[in-house]
$ cat target-v9.cif   # mmCIF, C-alpha atoms and all ligand atoms
data_structure
loop_
_atom_site.label_atom_id
_atom_site.label_comp_id
_atom_site.auth_asym_id
_atom_site.auth_seq_id
_atom_site.Cartn_x
_atom_site.Cartn_y
_atom_site.Cartn_z
CA MET M 1 55.71 -9.01 18.30
CA GLU M 2 57.93 -9.14 21.35
CA ILE M 3 56.47 -10.54 24.54
CA LEU M 4 57.94 -8.81 27.57
CA THR M 5 57.52 -10.29 31.02
CA THR M 6 60.01 -8.56 33.32
CA VAL M 7 60.23 -4.92 34.37
CA ASP M 8 63.82 -4.65 33.11
CA GLU M 9 63.18 -5.99 29.62
CA ALA M 10 60.01 -3.91 29.29
CA ARG M 11 61.78 -0.69 30.26
CA ARG M 12 64.77 -1.49 28.05
CA HIS M 13 62.45 -2.13 25.10
CA VAL M 14 60.82 1.30 25.35
CA MET M 15 64.07 3.13 26.10
CA ASN M 16 65.76 1.52 23.07
CA ALA M 17 62.89 2.48 20.78
CA ARG M 18 63.01 6.07 22.01
CA PHE M 19 66.81 6.29 21.73
CA GLN M 20 66.38 5.19 18.13
CA GLY M 21 64.12 8.19 17.62
CA GLN M 22 60.83 6.32 17.56
CA THR M 23 57.71 7.50 19.32
CA VAL M 24 55.93 4.97 21.50
CA ALA M 25 52.22 4.62 22.32
CA LEU M 26 51.10 2.61 25.35
CA VAL M 27 47.77 0.74 25.40
CA PRO M 28 47.03 -0.79 28.83
CA THR M 29 44.41 -3.57 28.94
CA MET M 30 43.21 -6.41 31.12
CA GLY M 31 42.97 -8.76 28.12
CA ALA M 32 39.88 -10.60 26.81
CA LEU M 33 40.35 -8.26 23.90
CA HIS M 34 37.62 -6.97 21.58
CA ASP M 35 37.36 -4.30 18.90
CA GLY M 36 37.26 -1.56 21.54
CA HIS M 37 40.77 -2.48 22.63
CA LEU M 38 41.92 -2.83 19.01
CA SER M 39 40.63 0.67 18.25
CA LEU M 40 43.04 1.96 20.91
CA VAL M 41 45.86 0.12 19.14
CA ARG M 42 44.89 1.74 15.83
CA SER M 43 44.76 5.14 17.48
CA GLY M 44 48.27 4.51 18.84
CA GLN M 45 49.52 3.49 15.41
CA SER M 46 48.15 6.69 13.90
CA LYS M 47 50.06 8.78 16.45
CA CYS M 48 53.31 6.89 17.09
CA GLY M 49 55.88 4.70 15.37
CA ARG M 50 55.51 1.86 17.88
CA VAL M 51 52.62 0.53 19.95
CA ILE M 52 53.12 -1.42 23.15
CA ALA M 53 50.12 -3.07 24.80
CA THR M 54 49.90 -4.48 28.30
CA ILE M 55 47.75 -7.39 29.42
CA PHE M 56 47.37 -7.58 33.19
CA VAL M 57 44.29 -8.35 35.27
CA ASN M 58 45.19 -6.00 38.08
CA PRO M 59 44.11 -7.53 41.40
CA THR M 60 44.31 -4.25 43.34
CA GLN M 61 41.48 -2.62 41.39
CA PHE M 62 38.97 -5.37 42.23
CA GLY M 63 36.91 -5.25 45.43
CA PRO M 64 36.62 -8.34 47.64
CA SER M 65 33.19 -9.31 46.22
CA GLU M 66 34.05 -8.51 42.58
CA ASP M 67 34.93 -10.75 39.62
CA LEU M 68 38.75 -10.99 39.88
CA GLN M 69 38.71 -14.81 39.92
CA SER M 70 36.21 -15.20 37.08
CA TYR M 71 37.49 -12.31 34.92
CA PRO M 72 37.95 -13.80 31.42
CA ARG M 73 41.55 -14.77 30.69
CA MET M 74 42.46 -15.87 27.16
CA LEU M 75 46.08 -14.92 26.68
CA ASP M 76 46.81 -16.91 23.52
CA ALA M 77 43.82 -15.51 21.64
CA ASP M 78 44.70 -12.00 22.88
CA LEU M 79 48.29 -12.31 21.67
CA ASP M 80 47.03 -13.51 18.27
CA GLN M 81 44.77 -10.46 18.01
CA LEU M 82 47.53 -8.05 18.99
CA ARG M 83 49.96 -9.68 16.57
CA ALA M 84 47.40 -9.45 13.74
CA ALA M 85 46.80 -5.80 14.61
CA GLY M 86 50.52 -5.07 14.18
CA VAL M 87 51.35 -4.33 17.84
CA ASP M 88 55.13 -4.17 18.30
CA ALA M 89 55.40 -5.52 21.85
CA VAL M 90 53.19 -6.63 24.69
CA PHE M 91 54.02 -6.53 28.38
CA VAL M 92 52.42 -9.46 30.21
CA PRO M 93 53.61 -9.35 33.82
CA THR M 94 52.54 -11.71 36.59
CA ALA M 95 51.07 -10.32 39.81
CA GLU M 96 54.42 -11.11 41.49
CA VAL M 97 56.28 -8.95 38.95
CA MET M 98 53.92 -6.03 39.56
CA TYR M 99 53.50 -6.50 43.32
CA PRO M 100 56.56 -8.25 44.74
CA SER M 101 56.54 -9.01 48.43
CA GLY M 102 56.95 -5.80 50.44
CA PHE M 103 55.02 -3.68 47.95
CA SER M 104 53.15 -0.99 49.90
CA THR M 105 53.06 2.34 48.01
CA HIS M 106 49.83 3.59 46.44
CA ILE M 107 48.67 6.68 44.60
CA GLY M 108 46.02 8.70 46.45
CA GLU M 109 42.76 9.50 44.69
CA PRO M 110 42.03 12.98 43.28
CA ASP M 111 38.61 14.62 43.82
CA VAL M 112 37.27 13.39 40.50
CA ALA M 113 37.74 9.78 41.73
CA LYS M 114 35.36 10.23 44.67
CA PRO M 115 31.81 10.11 43.20
CA LEU M 116 30.16 7.42 41.01
CA GLU M 117 32.60 4.51 40.61
CA GLY M 118 34.51 5.81 43.62
CA GLU M 119 31.37 5.42 45.72
CA PHE M 120 30.29 2.03 44.41
CA ARG M 121 33.76 0.52 44.04
CA PRO M 122 35.75 1.83 47.00
CA GLY M 123 39.49 1.50 46.42
CA HIS M 124 39.02 0.78 42.69
CA PHE M 125 40.70 3.95 41.45
CA ARG M 126 43.52 3.67 43.98
CA GLY M 127 44.31 0.32 42.35
CA VAL M 128 43.88 1.69 38.82
CA MET M 129 46.03 4.76 39.42
CA THR M 130 48.78 2.80 41.11
CA VAL M 131 49.02 0.22 38.34
CA VAL M 132 48.81 2.87 35.60
CA MET M 133 51.54 4.92 37.28
CA LYS M 134 53.68 1.77 37.48
CA PHE M 135 53.10 1.15 33.75
CA PHE M 136 54.12 4.74 33.04
CA GLN M 137 57.39 4.11 34.92
CA ILE M 138 58.07 0.67 33.46
CA LEU M 139 57.10 1.68 29.90
CA PRO M 140 58.02 5.37 29.58
CA ALA M 141 56.04 5.96 26.39
CA ASP M 142 55.29 9.27 24.66
CA VAL M 143 51.54 8.70 24.59
CA ALA M 144 49.06 6.52 26.49
CA ILE M 145 45.65 5.68 25.08
CA PHE M 146 42.55 4.92 27.14
CA GLY M 147 38.93 4.41 26.11
CA GLN M 148 36.12 6.84 26.84
CA LYS M 149 34.06 3.78 27.75
CA ASP M 150 35.65 4.19 31.20
CA PHE M 151 34.90 7.91 31.29
CA GLN M 152 35.69 8.50 34.95
CA GLN M 153 38.85 6.40 34.73
CA PHE M 154 40.13 8.72 32.01
CA ALA M 155 39.30 11.79 34.12
CA VAL M 156 41.11 10.26 37.11
CA ILE M 157 44.23 9.40 35.11
CA ARG M 158 44.18 12.87 33.53
CA ALA M 159 44.11 14.41 37.03
CA MET M 160 46.97 12.18 38.19
CA VAL M 161 49.12 13.07 35.16
CA ARG M 162 48.39 16.77 35.66
CA ASP M 163 48.85 16.82 39.44
CA LEU M 164 52.00 14.67 39.54
CA ASP M 165 53.62 16.21 36.43
CA VAL M 166 53.84 12.90 34.60
CA GLY M 167 55.52 13.38 31.21
CA ILE M 168 53.10 11.49 29.01
CA ASP M 169 50.37 12.66 26.62
CA LEU M 170 46.97 11.09 27.16
CA ILE M 171 44.53 10.30 24.38
CA ALA M 172 40.87 9.40 24.93
CA ALA M 173 39.52 7.05 22.26
CA PRO M 174 35.78 6.94 21.48
CA ILE M 175 33.51 4.12 22.67
CA ILE M 176 33.22 1.21 20.24
CA ARG M 177 29.78 -0.41 20.24
CA GLU M 178 28.19 -3.59 18.93
CA SER M 179 25.89 -2.99 15.95
CA ASP M 180 22.86 -2.90 18.29
CA GLY M 181 24.43 -0.21 20.48
CA LEU M 182 25.83 -2.21 23.42
CA ALA M 183 29.23 -0.79 24.39
CA MET M 184 31.85 -3.47 23.86
CA SER M 185 33.21 -4.87 27.12
CA SER M 186 35.13 -7.95 28.18
CA ARG M 187 32.32 -8.48 30.71
CA ASN M 188 29.64 -8.75 27.98
CA ARG M 189 30.60 -12.39 27.58
CA TYR M 190 29.08 -13.05 31.04
CA LEU M 191 25.60 -12.13 29.70
CA SER M 192 22.98 -14.76 28.86
CA LYS M 193 20.81 -14.23 25.77
CA ASP M 194 18.05 -12.57 27.80
CA GLU M 195 20.49 -10.47 29.80
CA ARG M 196 22.07 -9.35 26.55
CA GLN M 197 18.63 -7.99 25.53
CA THR M 198 18.18 -6.26 28.88
CA SER M 199 21.64 -4.72 28.65
CA LEU M 200 20.52 -2.81 25.54
CA ARG M 201 18.42 -0.65 27.84
CA ILE M 202 21.63 1.10 28.88
CA SER M 203 22.67 2.40 25.45
CA ARG M 204 19.01 3.03 24.67
CA ALA M 205 18.66 5.22 27.78
CA LEU M 206 21.73 7.23 26.79
CA ASN M 207 20.49 7.56 23.22
CA ASP M 208 17.07 8.74 24.43
CA ALA M 209 18.79 11.38 26.57
CA VAL M 210 20.74 12.63 23.55
CA ASN M 211 17.49 12.82 21.57
CA SER M 212 15.58 14.57 24.40
CA ILE M 213 18.31 17.19 24.57
CA ARG M 214 18.16 17.69 20.82
CA ALA M 215 14.41 18.18 21.24
CA GLY M 216 15.07 20.98 23.75
CA GLU M 217 15.05 19.32 27.19
CA ASP M 218 17.90 20.67 29.31
CA ASP M 219 16.80 19.92 32.87
CA ALA M 220 19.18 17.40 34.46
CA SER M 221 16.72 15.89 36.93
CA THR M 222 14.08 15.35 34.20
CA LEU M 223 16.70 13.68 32.01
CA GLU M 224 17.94 11.56 34.94
CA SER M 225 14.38 10.33 35.65
CA ARG M 226 14.07 9.32 32.01
CA LEU M 227 17.35 7.40 32.20
CA HIS M 228 15.99 5.49 35.22
CA GLN M 229 12.69 4.86 33.45
CA THR M 230 14.34 3.36 30.40
CA LEU M 231 16.48 1.12 32.61
CA THR M 232 13.71 -0.14 34.88
CA GLN M 233 10.21 0.26 33.41
CA PRO M 234 8.42 -2.37 31.33
CA ILE M 235 9.39 -2.30 27.64
CA ASP M 236 7.87 -5.03 25.44
CA HIS M 237 9.01 -8.33 26.94
CA ILE M 238 12.47 -7.17 27.90
CA ALA M 239 13.27 -7.55 31.59
CA PRO M 240 14.44 -4.44 33.46
CA VAL M 241 18.01 -4.16 34.69
CA ASP M 242 18.43 -5.76 38.10
CA SER M 243 19.77 -2.64 39.80
CA VAL M 244 21.01 0.83 38.96
CA ASP M 245 24.12 2.07 40.78
CA TYR M 246 23.78 5.45 39.10
CA ALA M 247 22.16 7.03 36.06
CA VAL M 248 23.15 10.68 36.20
CA LEU M 249 24.17 13.80 34.34
CA ARG M 250 27.45 15.34 35.43
CA ASP M 251 29.91 18.04 34.45
CA ALA M 252 32.21 16.24 32.01
CA ASN M 253 35.37 17.71 33.57
CA THR M 254 34.71 17.58 37.30
CA LEU M 255 31.94 14.92 37.39
CA GLU M 256 30.08 17.19 39.80
CA PRO M 257 26.26 17.32 39.55
CA VAL M 258 24.69 19.78 37.09
CA ARG M 259 21.21 21.30 37.11
CA LYS M 260 21.06 22.05 33.40
CA VAL M 261 22.74 20.65 30.33
CA SER M 262 24.85 23.62 29.36
CA ALA M 263 26.95 24.71 26.45
CA GLN M 264 29.87 23.30 28.42
CA GLU M 265 30.14 19.58 28.13
CA THR M 266 27.83 17.46 30.21
CA VAL M 267 28.09 13.69 30.37
CA ALA M 268 25.41 11.09 31.09
CA LEU M 269 26.83 8.12 32.97
CA ILE M 270 25.18 4.81 33.85
CA ALA M 271 26.30 1.87 35.96
CA ALA M 272 23.76 -0.92 36.21
CA ARG M 273 23.67 -4.58 37.07
CA VAL M 274 22.17 -7.10 34.65
CA GLY M 275 22.03 -10.45 36.43
CA SER M 276 25.36 -10.58 38.21
CA THR M 277 27.16 -8.51 35.57
CA ARG M 278 27.89 -4.86 36.29
CA LEU M 279 27.93 -2.74 33.12
CA ILE M 280 28.95 0.89 32.63
CA ASP M 281 28.37 3.22 29.70
CA ASN M 282 28.21 6.94 29.04
CA ALA M 283 27.47 9.60 26.44
CA VAL M 284 28.87 13.10 26.23
CA LEU M 285 26.00 15.56 25.68
CA THR M 286 26.03 19.01 24.21
CA PHE M 287 23.04 21.27 24.09
P1 LIG K 301 39.98 -3.07 30.07
O1 LIG K 301 40.68 -4.22 29.41
O2 LIG K 301 38.51 -3.27 30.22
O3 LIG K 301 40.67 -2.60 31.31
O4 LIG K 301 40.09 -1.86 29.05
C1 LIG K 301 41.34 -1.45 28.56
C2 LIG K 301 41.17 -0.16 27.82
O5 LIG K 301 40.25 -0.36 26.73
C3 LIG K 301 40.56 0.96 28.68
O6 LIG K 301 41.22 2.18 28.36
C4 LIG K 301 39.12 0.97 28.26
O7 LIG K 301 38.50 2.23 28.44
C5 LIG K 301 39.24 0.62 26.80
N1 LIG K 301 37.96 0.09 26.31
C6 LIG K 301 37.25 -0.94 26.83
N2 LIG K 301 36.10 -1.10 26.14
C7 LIG K 301 36.08 -0.16 25.17
C8 LIG K 301 35.16 0.20 24.14
N3 LIG K 301 34.00 -0.44 23.96
N4 LIG K 301 35.47 1.23 23.33
C9 LIG K 301 36.64 1.91 23.49
N5 LIG K 301 37.55 1.63 24.45
C10 LIG K 301 37.28 0.60 25.27
#
$ encode --input "target-v9.cif" --output "structure tokens" --more "lines below"
Ligand code: AMP
Amino acid sequence: MEILTTVDEARRHVMNARFQGQTVALVPTMGALHDGHLSLVRSGQSKCGRVIATIFVNPTQFGPSEDLQSYPRMLDADLDQLRAAGVDAVFVPTAEVMYPSGFSTHIGEPDVAKPLEGEFRPGHFRGVMTVVMKFFQILPADVAIFGQKDFQQFAVIRAMVRDLDVGIDLIAAPIIRESDGLAMSSRNRYLSKDERQTSLRISRALNDAVNSIRAGEDDASTLESRLHQTLTQPIDHIAPVDSVDYAVLRDANTLEPVRKVSAQETVALIAARVGSTRLIDNAVLTF
């Protein structure tokens, strides 16, 4: 596995592979890898001849009071996992490589970036879109793979690729969960044992919504109240989540509010804080 650290060598690596007739899949990550990330690698391998991962904790997508400093960094273990998974190359730039002095251009946010995460993490998607666009320029792959765990992020990148005519195919990979239902996340390692129990309320709330819909409930506000209840009301001895940023049903394409779960796709999205850890999860619903 080649480890690429400069823009020139990274671009040359991808260009060479493509000149040789190989297809290239790009898997951007912030490291602290888990099976969710590795599932994106496997998806890339099933579509393309070569898979290139990136590991970069992108400072511009963190707000001033967020966890940039404490975000888990474990490069050696990550490289071992990528090597074992058969990744061909990994781009590991420093912040100076990505944002040299004088850097000042950013991608503006599309409409789908405005609600939900856009409201609670102002500037987050501007940072995400800018770094993803830079990766698309530095590593001009055929395909880029992102997880549905970050549902809105995928919608935002899809809008950017569509609106700015970026020549790359996007693939959304399904959410990988722990056996008890918790969506895998690098941030799960922040959770204490009790918080880990509380965090299960999130996947449970989404699961309950799926079941309610199967049982015939299609009213969005009723389903949203149930999501809130599962997150915050007493269940056995499990503490409630500490706060709910949102627990909503939205149109899966536009992320605009819906009144009914319709035959078109609707998505339930939750962002909640457990202790000081902010967790997100979602489930696509069909009636
Ligand atoms: P991150 O390192 O958290 O920025 O995530 C890198 C990529 O992995 C993003 O496209 C995420 O959506 C994806 N990802 C993170 N967690 C999961 C998961 N549990 N299942 C599937 N994809 C995931």
$ closest_atom_pairs --input "target-v9.cif" --of "region 65-96 of chain M" --to "region 130-139 of chain M" --cutoff "12 Å" --atoms "all atoms listed in the file" --output "tab-separated table"
residue	atom	partner	partner_atom	distance
M:Ala89	CA	M:Leu139	CA	10.9
M:Val90	CA	M:Leu139	CA	10.6
M:Phe91	CA	M:Leu139	CA	8.9
M:Val92	CA	M:Phe135	CA	11.2
M:Pro93	CA	M:Phe135	CA	10.5
M:Ala95	CA	M:Val131	CA	10.8
$ residues_near_ligand --input "target-v9.cif" --ligand "ligand LIG 301 (chain K)" --cutoff "7 Å" --atoms "all atoms listed in the file" --output "list in words"
Pro28, Thr29, Met30, Gly31, Ala32, Leu33, Gly36, His37, Ser39, Leu40, Ile145, Phe146, Gly147, Gln148, Lys149, Asp150, Ala173, Pro174, Ile175, Ile176, Arg177, Ala183, Met184, Ser185 and Ser186 of chain M
$ atom_distance --input "target-v9.cif" --atom1 "CA of Gly102 (chain M)" --atom2 "CA of Thr54 (chain M)"
23.3 Å
$ closest_residue --input "target-v9.cif" --among "M:Asn207, M:Thr5, M:Gln153, M:Ser70" --to "Glu109 (chain M)" --atoms "all atoms listed in the file"
M:Gln153
$ atom_distance --input "target-v9.cif" --atom1 "CA of Arg18 (chain M)" --atom2 "CA of Gly127 (chain M)"
28.2 Å
$ closest_atom_pairs --input "target-v9.cif" --of "region 51-158 of chain M" --to "region 247-257 of chain M" --cutoff "12 Å" --atoms "only C-alpha atoms" --output "JSON lines"
{"residue": "M:Pro110", "atom": "CA", "partner": "M:Thr254", "partner_atom": "CA", "distance": 10.5}
{"residue": "M:Asp111", "atom": "CA", "partner": "M:Thr254", "partner_atom": "CA", "distance": 8.2}
{"residue": "M:Val112", "atom": "CA", "partner": "M:Thr254", "partner_atom": "CA", "distance": 5.9}
{"residue": "M:Ala113", "atom": "CA", "partner": "M:Leu255", "partner_atom": "CA", "distance": 8.9}
{"residue": "M:Lys114", "atom": "CA", "partner": "M:Leu255", "partner_atom": "CA", "distance": 9.3}
{"residue": "M:Pro115", "atom": "CA", "partner": "M:Leu255", "partner_atom": "CA", "distance": 7.5}
{"residue": "M:Leu116", "atom": "CA", "partner": "M:Leu255", "partner_atom": "CA", "distance": 8.5}
{"residue": "M:Glu117", "atom": "CA", "partner": "M:Leu255", "partner_atom": "CA", "distance": 10.9}
{"residue": "M:Gly118", "atom": "CA", "partner": "M:Leu255", "partner_atom": "CA", "distance": 11.3}
{"residue": "M:Gln148", "atom": "CA", "partner": "M:Ala252", "partner_atom": "CA", "distance": 11.4}
{"residue": "M:Phe151", "atom": "CA", "partner": "M:Ala252", "partner_atom": "CA", "distance": 8.8}
{"residue": "M:Gln152", "atom": "CA", "partner": "M:Leu255", "partner_atom": "CA", "distance": 7.8}
{"residue": "M:Gln153", "atom": "CA", "partner": "M:Leu255", "partner_atom": "CA", "distance": 11.3}
{"residue": "M:Phe154", "atom": "CA", "partner": "M:Asn253", "partner_atom": "CA", "distance": 10.3}
{"residue": "M:Ala155", "atom": "CA", "partner": "M:Asn253", "partner_atom": "CA", "distance": 7.1}
{"residue": "M:Val156", "atom": "CA", "partner": "M:Thr254", "partner_atom": "CA", "distance": 9.7}
{"residue": "M:Arg158", "atom": "CA", "partner": "M:Asn253", "partner_atom": "CA", "distance": 10.1}
$ write_last_selection --input "target-v9.cif" --atoms "C-alpha atoms" --output "mmCIF file, keeping the file's coordinate frame"
data_model
loop_
_atom_site.group_PDB
_atom_site.id
_atom_site.type_symbol
_atom_site.label_atom_id
_atom_site.label_comp_id
_atom_site.auth_asym_id
_atom_site.auth_seq_id
_atom_site.Cartn_x
_atom_site.Cartn_y
_atom_site.Cartn_z
ATOM 1 C CA PRO M 110 42.030 12.980 43.280
ATOM 2 C CA ASP M 111 38.610 14.620 43.820
ATOM 3 C CA VAL M 112 37.270 13.390 40.500
ATOM 4 C CA ALA M 113 37.740 9.780 41.730
ATOM 5 C CA LYS M 114 35.360 10.230 44.670
ATOM 6 C CA PRO M 115 31.810 10.110 43.200
ATOM 7 C CA LEU M 116 30.160 7.420 41.010
ATOM 8 C CA GLU M 117 32.600 4.510 40.610
ATOM 9 C CA GLY M 118 34.510 5.810 43.620
ATOM 10 C CA GLN M 148 36.120 6.840 26.840
ATOM 11 C CA PHE M 151 34.900 7.910 31.290
ATOM 12 C CA GLN M 152 35.690 8.500 34.950
ATOM 13 C CA GLN M 153 38.850 6.400 34.730
ATOM 14 C CA PHE M 154 40.130 8.720 32.010
ATOM 15 C CA ALA M 155 39.300 11.790 34.120
ATOM 16 C CA VAL M 156 41.110 10.260 37.110
ATOM 17 C CA ARG M 158 44.180 12.870 33.530
#
$ residues_around --input "target-v9.cif" --residues "Gln197 (chain M)" --least-positions-apart "4" --cutoff "9 Å" --atoms "only C-alpha atoms" --output "list in words"
Ser192, Lys193, Arg201, Ile238 and Ala239 of chain M
$ closest_residue --input "target-v9.cif" --among "M:Asn211, M:Ser225, M:Thr198, M:Gln20" --to "Leu279 (chain M)" --atoms "all atoms listed in the file"
M:Thr198
$ atom_distance --input "target-v9.cif" --atom1 "CA of Ala141 (chain M)" --atom2 "CA of Pro100 (chain M)"
23.2 Å
